[in-house]
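Colleague: Structure provided below as structure tokens; questions to follow.
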Amino acid sequence: METFERDGARIRYAVHGSGFPVLALAPGGMKSRAEAWGKAPWNPVAALSATHRVIVMDQRHAGGSTAPVTGDEDWSTYAADHLALLDHLGVDRFHAVGMCIGGPFVLNLARMAPDRVVRAVALQPIGLDDNRALFRELFDGWAVDRLAEHPEAGDAEWAAFREGLFGVEPTLFTVPDEELRDIATPLLVLMGDDPYHPSSASRLLAERVPGARLVQRWRDGADLAAAGAAIVEFLR
């Protein structure tokens with residue numbers, strides 16, 4: 001994998017295949033890294049790199065990517081990383097695919113750069129449904145193992161970082177519920193169904209975004225094969 005630097009962050013990434021670009025943002029919560037796709041039910045590198053230029057990355061603070069902790073972090077910080085990577089690679093228009101935390105990442109890109117995101121896929125996106133404490137606990141459990149790596153940050157900076165991500169109000173974290181109707185990017189949603197990826201969030205997303213399609217069953221056997229084919233056709 002290669003790296004590039006942006007505003008003090010060092011981002012690790014890899015590019016597979018050639019063709020129209022696909023930015024694939026991996027599952028794993030705060031540990032979202034390129035290698036996580038290898039353990040996902042559907043792997044965009046395996047499924048798309050024969051026909052597309054698939055770009056994967058480690059998010060800041062995950063895998064081989066690093067960044068300082070300032071307390072100013074929020075979802076736009078990550079979106080800026082994503083767009084900076086694409087600029088670094090000379091990519092203008094692209095498809096965006098995201099699983100788990102990658103779902104809100106993809107939505108934020110569609111909101112912030114609508115002329116650049118051609119089509120988007122959200123696989124079991126994380127979302128709020130009387131479960132905010134789970135995400136705060138997830139963040140705290142992740143952060144405690146990194147305190148020694150960040151002497152520049154105190155309790156206030158870590159708390160602000162956590163709230164910048166998981167203290168916000170939108171159900172899908174990055175786009176206010178009432179603004180989901182403004183997303184014009186064609187969207188395919190593969191439904192989640194667990195406390196971190198509630199089905200209610202996937203349904204809300206598919207109902208609010210104009211023309212969005214919801215795939216309810218997709219994780220196993222024939223359902224997974226059909227869903228994989230649907231994604232490939234959607235991005236063709």
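Each chain in the structure tokens gets a letter, A, B and so on, in the order shown; residues start at 1 in every chain, and ligands are counted from 1 in the order they appear.
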Within 8 Å of stretch 53-62 of chain A, counting only C-alpha atoms, which residues show up once you throw out same-chain ones fewer than 5 positions away? Write them as a JSON list (two decimals) with C-alpha atoms, in the first residue's frame, please.
Modeller:
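Resulting contents of out.json:
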[["chain", "number", "residue", "atom", "x", "y", "z"],
["A", 9, "ALA", "CA", -2.54, 13.18, 8.60],
["A", 10, "ARG", "CA", -0.78, 10.32, 6.85],
["A", 11, "ILE", "CA", -3.28, 8.23, 4.89],
["A", 12, "ARG", "CA", -2.54, 4.72, 3.64],
["A", 13, "TYR", "CA", -4.34, 3.54, 0.51],
["A", 14, "ALA", "CA", -4.23, 1.07, -2.38],
["A", 15, "VAL", "CA", -5.62, 0.98, -5.91],
["A", 16, "HIS", "CA", -6.77, -2.23, -7.60],
["A", 17, "GLY", "CA", -7.70, -2.68, -11.25],
["A", 18, "SER", "CA", -8.56, -0.10, -13.86],
["A", 19, "GLY", "CA", -11.68, 1.52, -15.25],
["A", 20, "PHE", "CA", -14.19, 3.94, -13.76],
["A", 21, "PRO", "CA", -13.11, 4.74, -10.16],
["A", 22, "VAL", "CA", -14.86, 3.29, -7.13],
["A", 23, "LEU", "CA", -13.96, 4.58, -3.66],
["A", 24, "ALA", "CA", -14.65, 1.69, -1.27],
["A", 25, "LEU", "CA", -14.84, 2.69, 2.41],
["A", 26, "ALA", "CA", -14.50, -0.35, 4.63],
["A", 30, "MET", "CA", -13.18, 3.41, 14.23],
["A", 31, "LYS", "CA", -10.90, 0.62, 12.93],
["A", 32, "SER", "CA", -12.08, 0.97, 9.32],
["A", 33, "ARG", "CA", -9.17, -0.21, 7.20],
["A", 34, "ALA", "CA", -8.70, -1.57, 3.69],
["A", 44, "PRO", "CA", -15.62, -4.75, -3.77],
["A", 45, "VAL", "CA", -11.97, -5.44, -4.57],
["A", 48, "LEU", "CA", -15.16, -4.95, -9.15],
["A", 67, "ALA", "CA", -3.25, 11.79, 12.44],
["A", 78, "TYR", "CA", -13.06, 12.22, 7.21]]
Colleague: Give the answer as one residue: which of A:Ala40, A:Val189, A:Ile231, A:Val175 has the shortest atom-to-atom distance to A:Gly211, using only C-alpha atoms?
Modeller: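 Distance minimum relative to A:Gly211 lands on A:Val189.
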Colleague: Which residues are near stretch 121-129 of chain A? Cut-off 9 Å, only C-alpha atoms, ignore same chain within fewer than 4 positions. Put them as a ChimeraX atom specification.
Modeller: /A:29,95-104,106-107,169-173,186-193,195-202,231,234-235
Colleague: Pull the alpha helix (DSSP H) assignments for stretch 11-179 of chain A out of DSSP run on the backbone, and list those residues as a ChimeraX atom specification.
Modeller: /A:44-48,75-88,102-112,132-144,155-166
Colleague: Using Å and a single decimal, report how far atom CA of A:Phe94 sits from atom CA of A:Val117.
Modeller: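 Going from atom CA of A:Val117 over to atom CA of A:Phe94, I get 5.3 Å.
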Colleague: Which residues are near stretch 156-159 of chain A? Cut-off 7 Å, only C-alpha atoms, ignore same chain within fewer than 5 positions. Put them as a list of chain:residue names.
Modeller: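 In the requested form, the answer reads A:Val69, A:Thr70, A:Gly71.
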Colleague: For A:Arg219, find every residue with an atom within 9 Å (counting only C-alpha atoms), except residues of its own chain fewer than 5 positions away, and show them as a list in words.
Modeller: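 The residues satisfying every condition are Pro41, Trp42, Leu224, Ala225 and Ala227 of chain A.
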Colleague: Save the residues we just selected, C-alpha atoms, as a JSON list (two decimals), in the first residue's frame?
Modeller:
[["chain", "number", "residue", "atom", "x", "y", "z"],
["A", 41, "PRO", "CA", -19.70, -10.77, 3.03],
["A", 42, "TRP", "CA", -19.21, -8.81, -0.19],
["A", 224, "LEU", "CA", -25.64, -12.77, -1.30],
["A", 225, "ALA", "CA", -25.03, -13.89, -4.88],
["A", 227, "ALA", "CA", -27.12, -8.86, -4.11]]
